[in-house]
$ cat work_23.cif   # mmCIF, C-alpha atoms
data_run
#
loop_
_atom_site.label_atom_id
_atom_site.label_comp_id
_atom_site.auth_asym_id
_atom_site.auth_seq_id
_atom_site.Cartn_x
_atom_site.Cartn_y
_atom_site.Cartn_z
CA MET A 1 112.20 121.16 68.63
CA LEU A 2 109.64 123.94 68.33
CA ARG A 3 111.29 125.83 71.21
CA ARG A 4 114.61 125.78 69.36
CA ILE A 5 113.15 126.87 66.03
CA PHE A 6 110.48 129.26 67.36
CA PRO A 7 111.69 130.37 70.82
CA GLU A 8 109.09 132.19 72.96
CA VAL A 9 106.23 132.33 70.49
CA ALA A 10 105.49 128.60 70.20
CA PHE A 11 104.66 128.33 73.89
CA ASN A 12 102.74 131.57 74.29
CA PRO A 13 99.40 130.23 75.69
CA GLU A 14 97.18 132.68 73.80
CA PHE A 15 99.09 132.12 70.59
CA GLN A 16 98.77 128.33 70.99
CA LYS A 17 94.97 128.51 70.99
CA LEU A 18 94.88 130.59 67.81
CA TRP A 19 97.57 128.42 66.29
CA TRP A 20 95.64 125.18 66.85
CA ALA A 21 92.45 126.79 65.59
CA GLN A 22 94.33 127.72 62.43
CA ILE A 23 95.76 124.21 61.96
CA LEU A 24 92.42 122.45 62.41
CA SER A 25 90.37 124.83 60.26
CA GLN A 26 92.97 125.07 57.49
CA VAL A 27 93.37 121.29 57.24
CA ALA A 28 89.59 120.93 57.04
CA PHE A 29 89.17 123.77 54.54
CA ASN A 30 91.96 122.63 52.20
CA THR A 31 90.85 119.00 52.31
CA LEU A 32 87.30 120.10 51.44
CA LEU A 33 88.53 122.39 48.66
CA TYR A 34 90.78 119.85 46.94
CA SER A 35 88.36 116.97 47.39
CA LEU A 36 85.75 118.97 45.49
CA ILE A 37 88.30 120.06 42.86
CA ILE A 38 89.11 116.38 42.27
CA ARG A 39 85.43 115.45 42.04
CA ILE A 40 84.74 118.27 39.57
CA ALA A 41 87.78 117.37 37.45
CA GLU A 42 86.76 113.70 37.39
CA ARG A 43 83.16 114.45 36.39
CA THR A 44 83.80 117.18 33.82
CA THR A 45 87.42 116.63 32.60
CA SER A 46 87.41 120.41 32.14
CA ASN A 47 89.99 122.91 33.40
CA THR A 48 87.42 125.66 32.91
CA ALA A 49 84.94 123.95 35.26
CA VAL A 50 87.64 123.79 37.93
CA SER A 51 88.43 127.47 37.34
CA PHE A 52 84.78 128.40 37.85
CA PHE A 53 84.74 126.46 41.12
CA ILE A 54 87.81 128.35 42.37
CA LEU A 55 86.20 131.61 41.26
CA SER A 56 83.13 130.71 43.33
CA PHE A 57 85.38 131.37 46.30
CA SER A 58 86.99 134.45 44.76
CA VAL A 59 84.04 136.56 43.57
CA PRO A 60 82.41 137.01 47.02
CA ALA A 61 85.75 138.19 48.36
CA VAL A 62 85.74 141.07 45.90
CA ILE A 63 82.21 142.07 46.94
CA PHE A 64 82.33 141.48 50.70
CA GLY A 65 86.03 141.61 51.59
CA LEU A 66 86.25 145.36 52.11
CA PHE A 67 83.15 145.58 54.31
CA ALA A 68 84.14 142.50 56.30
CA GLY A 69 87.37 144.22 57.29
CA VAL A 70 85.44 147.22 58.63
CA TYR A 71 83.26 145.07 60.87
CA VAL A 72 86.24 143.02 62.05
CA ASP A 73 87.70 146.28 63.39
CA ARG A 74 84.40 147.07 65.14
CA TRP A 75 83.54 143.69 66.62
CA ASP A 76 85.27 141.36 69.03
CA ARG A 77 87.59 139.23 66.89
CA ARG A 78 87.20 136.18 69.10
CA SER A 79 83.43 136.25 68.50
CA ILE A 80 84.01 136.53 64.76
CA LEU A 81 86.37 133.55 64.75
CA ILE A 82 83.85 131.47 66.71
CA ALA A 83 80.90 132.41 64.49
CA THR A 84 82.73 131.78 61.22
CA ASN A 85 83.96 128.36 62.34
CA VAL A 86 80.45 127.41 63.54
CA LEU A 87 78.99 128.38 60.17
CA ARG A 88 81.64 126.51 58.19
CA THR A 89 81.01 123.44 60.36
CA ALA A 90 77.30 123.66 59.57
CA LEU A 91 78.01 123.93 55.83
CA ILE A 92 79.81 120.58 55.64
CA PRO A 93 76.62 118.43 55.65
CA LEU A 94 75.17 120.70 52.94
CA PHE A 95 78.23 120.16 50.74
CA TYR A 96 77.81 116.41 51.20
CA LEU A 97 74.13 116.51 50.20
CA ALA A 98 74.89 118.73 47.20
CA GLU A 99 77.66 116.45 45.97
CA ARG A 100 75.39 113.43 46.31
CA ASN A 101 72.10 114.79 45.03
CA GLY A 102 72.66 117.92 42.98
CA PHE A 103 76.25 118.34 41.92
CA TYR A 104 76.01 121.93 40.68
CA ALA A 105 74.60 123.10 44.02
CA ILE A 106 78.24 122.93 45.15
CA TYR A 107 78.89 126.27 43.42
CA PRO A 108 76.42 128.40 45.45
CA LEU A 109 77.57 126.64 48.62
CA ALA A 110 81.14 127.58 47.73
CA ILE A 111 79.99 131.20 47.42
CA ILE A 112 78.37 131.09 50.88
CA THR A 113 81.51 129.54 52.37
CA SER A 114 83.59 132.28 50.80
CA VAL A 115 81.38 135.02 52.26
CA VAL A 116 81.83 133.52 55.74
CA THR A 117 85.58 133.20 55.21
CA GLN A 118 85.86 136.91 54.34
CA PHE A 119 85.26 137.62 58.02
CA PHE A 120 87.49 134.78 59.25
CA ILE A 121 90.65 135.80 57.35
CA PRO A 122 91.07 139.41 58.59
CA ALA A 123 89.91 138.45 62.10
CA GLU A 124 92.53 135.70 62.36
CA ALA A 125 95.35 137.84 60.95
CA SER A 126 94.60 140.88 63.11
CA LYS A 127 93.99 138.76 66.24
CA MET A 128 97.33 137.03 65.75
CA ALA A 129 99.15 140.37 65.57
CA THR A 130 97.93 141.20 69.10
CA THR A 131 98.80 137.86 70.72
CA VAL A 132 102.60 138.24 70.66
CA PRO A 133 105.00 141.13 71.31
CA HIS A 134 106.07 143.24 68.35
CA ARG A 135 109.70 142.06 68.65
CA ILE A 136 108.80 138.41 67.88
CA LEU A 137 106.07 139.06 65.32
CA HIS A 138 108.32 137.93 62.45
CA GLN A 139 108.84 134.65 64.29
CA ALA A 140 105.09 134.33 64.86
CA ASN A 141 104.42 134.94 61.16
CA SER A 142 106.98 132.31 60.22
CA LEU A 143 105.31 129.77 62.50
CA PHE A 144 101.88 130.71 61.15
CA THR A 145 103.19 130.40 57.60
CA PHE A 146 104.74 127.05 58.50
CA THR A 147 101.47 125.68 59.86
CA LEU A 148 99.42 127.24 57.06
CA TYR A 149 101.49 125.46 54.44
CA THR A 150 101.52 122.30 56.55
CA ALA A 151 97.72 122.43 56.37
CA ILE A 152 97.95 123.07 52.64
CA ILE A 153 100.11 119.98 52.19
CA ILE A 154 98.03 117.77 54.52
CA GLY A 155 94.76 118.86 52.90
CA PRO A 156 95.70 118.08 49.29
CA ILE A 157 97.62 114.93 50.17
CA ALA A 158 94.69 113.66 52.22
CA ALA A 159 92.01 114.57 49.69
CA GLY A 160 92.78 112.07 46.94
CA PRO A 161 93.59 109.02 49.11
CA ALA A 162 90.63 109.81 51.40
CA LEU A 163 88.22 109.78 48.46
CA LYS A 164 89.76 106.52 47.24
CA TYR A 165 90.02 104.56 50.47
CA ILE A 166 87.56 105.88 53.07
CA GLY A 167 84.92 107.31 50.75
CA LEU A 168 83.06 110.56 50.57
CA ASP A 169 80.76 109.77 53.51
CA ARG A 170 83.50 109.26 56.10
CA LEU A 171 85.59 112.12 54.70
CA PHE A 172 82.81 114.63 55.31
CA VAL A 173 82.39 113.32 58.87
CA VAL A 174 86.10 113.96 59.50
CA LEU A 175 85.82 117.50 58.06
CA PHE A 176 82.83 118.21 60.29
CA VAL A 177 84.80 117.12 63.38
CA LEU A 178 87.88 119.20 62.43
CA PHE A 179 85.87 122.40 61.99
CA GLY A 180 84.09 121.63 65.28
CA LEU A 181 87.42 121.31 67.13
CA ALA A 182 88.62 124.58 65.58
CA THR A 183 85.48 126.23 66.94
CA ILE A 184 86.28 124.98 70.44
CA MET A 185 89.83 126.39 70.25
CA THR A 186 88.54 129.83 69.26
CA MET A 187 86.12 129.74 72.19
CA LEU A 188 89.14 129.48 74.50
CA LEU A 189 90.68 132.72 73.17
CA SER A 190 90.48 135.90 75.22
CA LYS A 191 88.28 138.79 74.09
CA ASP A 192 89.70 141.99 72.65
CA SER A 193 90.34 144.86 75.03
CA LYS A 194 87.17 146.72 75.99
CA ASP A 195 88.48 150.10 74.93
CA ARG A 196 88.77 148.92 71.29
CA GLU A 197 85.75 146.63 71.36
CA GLU A 198 83.10 148.92 72.81
CA LYS A 199 82.24 151.92 70.60
CA PRO A 200 79.15 154.00 71.29
CA ASN A 201 76.89 154.15 68.28
CA GLY A 202 77.17 157.93 68.15
CA GLU A 203 80.93 157.70 67.62
CA GLU A 204 80.83 155.18 64.78
CA ARG A 205 81.63 156.64 61.42
CA LYS A 206 80.20 155.59 58.10
CA ILE A 207 81.66 152.52 56.48
CA HIS A 208 83.06 154.41 53.52
CA SER A 209 84.93 156.79 55.86
CA GLU A 210 86.50 153.89 57.71
CA LEU A 211 87.50 152.22 54.46
CA LEU A 212 88.98 155.50 53.27
CA ASP A 213 91.15 155.65 56.40
CA ALA A 214 92.52 152.18 55.66
CA LEU A 215 93.15 153.03 52.00
CA LYS A 216 94.97 156.22 53.00
CA HIS A 217 97.11 154.23 55.40
CA ILE A 218 98.01 151.70 52.70
CA TRP A 219 98.75 154.37 50.12
CA GLY A 220 100.78 156.44 52.57
CA ASN A 221 102.97 153.64 53.92
CA SER A 222 105.28 152.18 51.30
CA ARG A 223 105.96 149.00 53.30
CA VAL A 224 102.30 148.11 53.70
CA LYS A 225 101.53 148.95 50.07
CA ALA A 226 104.45 146.86 48.82
CA GLY A 227 103.51 143.93 51.07
CA ILE A 228 99.92 143.94 49.78
CA LEU A 229 101.02 144.05 46.13
CA LEU A 230 103.51 141.22 46.64
CA LEU A 231 100.99 138.99 48.44
CA THR A 232 98.38 139.68 45.76
CA PHE A 233 100.87 138.64 43.10
CA SER A 234 101.90 135.50 45.02
CA GLN A 235 98.37 134.29 45.76
CA THR A 236 97.16 134.92 42.19
CA MET A 237 99.96 132.69 40.91
CA ILE A 238 99.00 129.94 43.38
CA GLN A 239 95.32 130.04 42.37
CA MET A 240 96.19 129.80 38.67
CA ILE A 241 98.34 126.72 39.29
CA ALA A 242 95.61 125.11 41.40
CA ALA A 243 93.09 125.66 38.59
CA VAL A 244 95.08 123.64 36.05
CA ALA A 245 96.76 121.12 38.39
CA PRO A 246 94.25 118.27 37.70
CA GLY A 247 94.58 118.79 33.94
CA PHE A 248 98.38 118.86 34.20
CA ALA A 249 98.40 115.59 36.15
CA ARG A 250 96.05 113.89 33.68
CA ASN A 251 97.28 115.25 30.33
CA VAL A 252 101.01 115.90 30.91
CA LEU A 253 102.12 113.48 33.61
CA GLY A 254 99.59 110.78 32.72
CA VAL A 255 98.50 110.07 36.29
CA ASP A 256 95.11 109.72 37.95
CA VAL A 257 93.41 113.03 38.79
CA ALA A 258 92.94 111.77 42.37
CA ASP A 259 96.76 111.72 42.69
CA THR A 260 97.03 115.42 41.78
CA SER A 261 97.21 116.53 45.39
CA LEU A 262 99.95 114.05 46.28
CA LEU A 263 102.18 114.54 43.24
CA LEU A 264 101.73 118.27 42.52
CA LEU A 265 100.26 120.35 45.31
CA GLY A 266 101.97 118.36 48.05
CA PRO A 267 105.58 119.04 46.91
CA ALA A 268 104.80 122.74 46.38
CA ALA A 269 103.36 123.06 49.89
CA LEU A 270 106.30 121.13 51.36
CA GLY A 271 108.64 123.60 49.65
CA MET A 272 106.70 126.45 51.27
CA ILE A 273 107.05 124.78 54.67
CA VAL A 274 110.81 124.35 54.32
CA GLY A 275 111.13 127.92 53.07
CA ALA A 276 109.17 129.25 56.05
CA LEU A 277 111.28 127.22 58.49
CA VAL A 278 114.54 128.50 57.01
CA LEU A 279 113.28 132.07 57.04
CA SER A 280 112.15 131.78 60.65
CA ARG A 281 115.64 130.70 61.66
CA PHE A 282 117.83 132.87 59.46
CA GLY A 283 115.50 135.39 57.76
CA HIS A 284 116.40 138.27 60.10
CA ARG A 285 120.00 138.07 58.83
CA TRP A 286 119.13 138.41 55.15
CA ASN A 287 118.17 141.40 53.05
CA LYS A 288 114.39 141.29 52.48
CA LYS A 289 114.58 142.92 49.06
CA ARG A 290 117.10 140.35 47.84
CA LEU A 291 115.02 137.46 49.21
CA ILE A 292 111.87 138.63 47.45
CA VAL A 293 113.54 139.38 44.11
CA ILE A 294 115.30 136.00 44.08
CA GLY A 295 111.99 134.34 44.96
CA VAL A 296 110.14 135.92 42.02
CA PHE A 297 112.80 135.15 39.41
CA LEU A 298 113.18 131.62 40.78
CA ALA A 299 109.41 131.07 40.61
CA GLY A 300 109.33 132.19 36.97
CA ILE A 301 112.16 129.82 36.01
CA GLN A 302 110.55 126.87 37.81
CA LEU A 303 107.19 127.46 36.10
CA MET A 304 108.84 127.47 32.67
CA ILE A 305 110.65 124.21 33.51
CA LEU A 306 107.39 122.70 34.77
CA GLY A 307 105.53 123.62 31.60
CA ALA A 308 108.30 122.15 29.43
CA VAL A 309 108.79 119.05 31.61
CA ARG A 310 107.98 116.66 28.75
CA GLY A 311 110.99 117.98 26.85
CA PHE A 312 113.28 116.43 29.46
CA GLU A 313 111.79 112.92 29.36
CA ASN A 314 114.83 111.48 27.53
CA TYR A 315 117.12 112.62 30.34
CA VAL A 316 115.21 112.34 33.62
CA ASP A 317 112.05 110.87 35.06
CA VAL A 318 109.35 113.41 34.20
CA ILE A 319 107.35 112.94 37.41
CA GLN A 320 110.45 113.27 39.60
CA LEU A 321 111.45 116.45 37.77
CA ALA A 322 107.94 117.87 38.21
CA VAL A 323 108.02 117.10 41.95
CA ALA A 324 111.44 118.74 42.39
CA THR A 325 110.36 121.77 40.37
CA LEU A 326 107.18 122.24 42.40
CA PHE A 327 109.12 121.91 45.67
CA THR A 328 111.47 124.70 44.57
CA LEU A 329 108.49 126.77 43.42
CA GLY A 330 106.95 126.45 46.89
CA ALA A 331 110.17 127.57 48.58
CA ALA A 332 110.35 130.57 46.24
CA ASN A 333 106.80 131.53 47.18
CA ALA A 334 107.65 131.50 50.90
CA MET A 335 110.39 134.04 50.14
CA LEU A 336 107.63 136.45 49.11
CA ASP A 337 104.96 135.65 51.68
CA VAL A 338 106.77 135.78 55.04
CA PRO A 339 108.44 139.21 54.71
CA SER A 340 105.32 140.67 53.07
CA GLN A 341 102.99 139.48 55.86
CA THR A 342 105.36 140.80 58.51
CA ALA A 343 105.62 144.21 56.83
CA ILE A 344 101.84 144.60 56.78
CA GLN A 345 101.36 143.61 60.41
CA VAL A 346 104.27 145.56 61.87
CA HIS A 347 103.40 148.78 60.05
CA THR A 348 99.62 148.77 60.51
CA PRO A 349 98.06 149.94 63.79
CA GLU A 350 95.68 147.54 65.56
CA GLU A 351 92.53 149.57 64.88
CA LEU A 352 93.15 149.38 61.11
CA ARG A 353 94.33 145.79 60.71
CA GLY A 354 90.94 144.24 60.02
CA ARG A 355 90.22 146.74 57.26
CA VAL A 356 93.71 146.43 55.77
CA TYR A 357 93.42 142.63 55.62
CA GLY A 358 89.92 142.96 54.17
CA ILE A 359 91.37 145.14 51.41
CA LEU A 360 94.21 142.66 50.91
CA ASN A 361 91.77 139.76 50.56
CA THR A 362 89.65 141.77 48.12
CA MET A 363 92.70 142.65 46.03
CA ILE A 364 93.88 139.04 45.89
CA ASN A 365 90.55 137.72 44.72
CA GLY A 366 89.78 140.64 42.43
CA ALA A 367 93.20 140.46 40.78
CA SER A 368 93.00 136.67 40.38
CA PHE A 369 89.52 136.59 38.79
CA LEU A 370 90.51 136.97 35.14
CA PRO A 371 93.89 135.16 35.41
CA VAL A 372 92.25 132.09 36.98
CA LEU A 373 89.45 132.08 34.40
CA PHE A 374 91.85 132.53 31.49
CA ALA A 375 94.17 129.86 32.93
CA GLY A 376 91.42 127.27 32.59
CA VAL A 377 90.30 128.45 29.15
CA ILE A 378 93.85 128.69 27.74
CA ALA A 379 94.68 125.24 29.16
CA ASP A 380 91.59 123.75 27.48
CA ILE A 381 92.32 125.42 24.12
CA PHE A 382 96.12 125.41 23.83
CA GLY A 383 97.12 122.82 26.42
CA VAL A 384 98.17 122.94 30.07
CA SER A 385 101.89 123.00 29.26
CA THR A 386 101.54 126.11 27.10
CA MET A 387 99.58 127.88 29.81
CA ILE A 388 102.18 127.12 32.50
CA ILE A 389 105.07 128.22 30.28
CA LEU A 390 103.28 131.52 29.54
CA LEU A 391 102.67 132.00 33.27
CA GLY A 392 106.36 131.38 33.95
CA ILE A 393 107.40 134.00 31.39
CA VAL A 394 105.01 136.56 32.90
CA VAL A 395 106.23 135.85 36.44
CA PHE A 396 109.88 136.10 35.39
CA LEU A 397 109.34 139.42 33.60
CA THR A 398 107.33 140.70 36.57
CA GLY A 399 110.46 140.17 38.65
CA PHE A 400 111.92 143.36 37.20
CA TYR A 401 108.91 145.34 38.43
CA ILE A 402 108.95 143.52 41.77
CA GLN A 403 112.47 144.80 42.44
CA ASP A 404 111.06 148.28 43.02
CA LYS A 405 108.24 147.03 45.28
CA ALA A 406 110.59 144.80 47.25
CA LYS A 407 112.89 147.75 47.84
CA GLN A 408 110.01 149.59 49.50
CA LEU A 409 109.85 146.92 52.22
CA SER A 410 113.15 148.33 53.47
CA THR A 411 111.81 151.91 53.55
CA GLY A 412 108.80 153.65 54.96
CA LYS A 413 107.91 154.90 58.43
CA PRO A 414 107.25 152.20 61.06
CA VAL A 415 103.95 152.27 62.88
CA THR A 416 103.72 151.81 66.63
CA LEU A 417 101.31 149.04 67.49
CA SER A 418 98.50 149.81 69.90
#
$ encode --input "work_23.cif" --output "structure tokens"
Amino acid sequence: MLRRIFPEVAFNPEFQKLWWAQILSQVAFNTLLYSLIIRIAERTTSNTAVSFFILSFSVPAVIFGLFAGVYVDRWDRRSILIATNVLRTALIPLFYLAERNGFYAIYPLAIITSVVTQFFIPAEASKMATTVPHRILHQANSLFTFTLYTAIIIGPIAAGPALKYIGLDRLFVVLFVLFGLATIMTMLLSKDSKDREEKPNGEERKIHSELLDALKHIWGNSRVKAGILLLTFSQTMIQMIAAVAPGFARNVLGVDVADTSLLLLGPAALGMIVGALVLSRFGHRWNKKRLIVIGVFLAGIQLMILGAVRGFENYVDVIQLAVATLFTLGAANAMLDVPSQTAIQVHTPEELRGRVYGILNTMINGASFLPVLFAGVIADIFGVSTMIILLGIVVFLTGFYIQDKAKQLSTGKPVTLS
């Protein structure tokens, strides 16, 4: 089946290793993240507390993301992927001890995990762009998006039932094993070419000069700049929804917080998976600008419906409507992510990719800081439904601005990959 949907790329040996490393680490990371979100929501019943936990992952990205990208471009990316997975494996027992013995120690551990992840994200993205030929990079991105969102759906779906039925102890053992297996897969990857990896100290420029080169590239290439802005917008929206999801499940749908992942985040991630699969098969035939614009307007409409879901309770089952709405929202998000990721990778030379993805990660987390914080506060003061409706209105109106940025993905000078 994979050969039919993703011809060539799915059975590229080097790609397979990176692909499995991504699957294992993303399942572990998302299960850890949503398990802790559930625990925090259960203990505090506060949307703001959940927002602060999510921000514990975001703030370090703003501080370290830019510099991490510089070092990713200097160092062997395979070594970075190995080191970051080893460190995240070692952090799992510490999370367990913190959750058991000193609950609020989870927050500094989240910060440390985020710092480590700042090196993992650009290393994985830039390494992937060198494992397949340029002509099938869109296909590779679709498969990566497919597995990323598969991990997102498996992680949240597994988190609640795992806490209920196997307990925290066994869950953390499973997470430790998954990160360990991801480490082994990265060890099997080949090293970067020596001519890019080995730089005499006398030829290395200052960090700020290297960052300036990446910023100039982004600013000077309309496709890369548009892709970064669109991904920043998309990921900020996702983080805001994640921050209020437990409160929405408890206060609007009237279900157990532990079922949040299954009823809310799961359908959204499944929609992303289906969207990525469809795009991988037919995306090359469709106009990218039209896809992105439709995706933004559709996301805004779905958020407004989700926020007002209680108003439809006399006509349909509220939970079923919420599930369908979140599925459509996930598919709309894939319409932004896949073409944006491809534009960045195709139009950024290899020696700049780490820095460009470091800047992207910094922008996502910097831009989401206040929205995520305000999402929790507004939900606690005015209600989760009001917050989601307001978010939907903002997203819908932003669609008019996005039209210009989406258009830029069809313009700009291509960059020849090294």
$ axis_aligned_box --input "work_23.cif" --around "range 245-253 of chain A" --padding-each-side "6 Å" --output "lines of an AutoDock Vina configuration file"
center_x = 98.2
center_y = 117.3
center_z = 34.4
size_x = 19.9
size_y = 19.6
size_z = 20.1
$ resolve_selection --input "work_23.cif" --expression "the PyMOL selection byres ((chain A and resi 240-243) around 8)" --output "list in words"
Asn47, Val50, Ser51, Ile54, Thr236, Met237, Ile238, Gln239, Val244, Ala245, Pro246, Leu265, Ser368, Pro371, Val372, Ala375, Gly376 and Ile388 of chain A
$ residues_around --input "work_23.cif" --residues "Leu188 in chain A" --least-positions-apart "6" --cutoff "9 Å" --atoms "only C-alpha atoms" --output "VMD selection string"
chain A and resid 14 17 to 18 78
$ resolve_selection --input "work_23.cif" --expression "the PyMOL selection byres ((chain A and resi 176) around 9)" --output "CSV table (one decimal) with C-alpha atoms, in the frame of the given file"
chain,number,residue,atom,x,y,z
A,28,ALA,CA,89.6,120.9,57.0
A,88,ARG,CA,81.6,126.5,58.2
A,89,THR,CA,81.0,123.4,60.4
A,90,ALA,CA,77.3,123.7,59.6
A,91,LEU,CA,78.0,123.9,55.8
A,92,ILE,CA,79.8,120.6,55.6
A,93,PRO,CA,76.6,118.4,55.6
A,171,LEU,CA,85.6,112.1,54.7
A,172,PHE,CA,82.8,114.6,55.3
A,173,VAL,CA,82.4,113.3,58.9
A,174,VAL,CA,86.1,114.0,59.5
A,175,LEU,CA,85.8,117.5,58.1
A,177,VAL,CA,84.8,117.1,63.4
A,178,LEU,CA,87.9,119.2,62.4
A,179,PHE,CA,85.9,122.4,62.0
A,180,GLY,CA,84.1,121.6,65.3
A,181,LEU,CA,87.4,121.3,67.1
$ resolve_selection --input "work_23.cif" --expression "the PyMOL selection byres ((chain A and resi 102-112) around 12)" --output "number ranges by chain"
A: 29, 32-33, 35-37, 39-40, 43-44, 49-64, 84, 87-88, 90-101, 113-119
$ atom_distance --input "work_23.cif" --atom1 "CA of Ser222 in chain A" --atom2 "CA of Asn333 in chain A"
21.1 Å
$ residues_around --input "work_23.cif" --residues "Phe233 in chain A" --least-positions-apart "3" --cutoff "10 Å" --atoms "all atoms listed in the file" --output "ChimeraX atom specification"
/A:227-230,236-238,296,336-337,363-364,367-368,395,398,402
$ atom_distance --input "work_23.cif" --atom1 "CA of Leu352 in chain A" --atom2 "CA of Ala123 in chain A"
11.4 Å
$ residues_near_point --input "work_23.cif" --point "(105.8, 129.9, 48.3)" --cutoff "8 Å" --atoms "only C-alpha atoms" --output "compact mmCIF listing (two decimals) with C-alpha atoms, in the coordinates of the input"
# COMPACT_ATOMS: atom_id res chain seq x y z
CA SER A 234 101.90 135.50 45.02
CA ALA A 268 104.80 122.74 46.38
CA ALA A 269 103.36 123.06 49.89
CA GLY A 271 108.64 123.60 49.65
CA MET A 272 106.70 126.45 51.27
CA GLY A 275 111.13 127.92 53.07
CA LEU A 329 108.49 126.77 43.42
CA GLY A 330 106.95 126.45 46.89
CA ALA A 331 110.17 127.57 48.58
CA ALA A 332 110.35 130.57 46.24
CA ASN A 333 106.80 131.53 47.18
CA ALA A 334 107.65 131.50 50.90
CA MET A 335 110.39 134.04 50.14
CA LEU A 336 107.63 136.45 49.11
CA ASP A 337 104.96 135.65 51.68
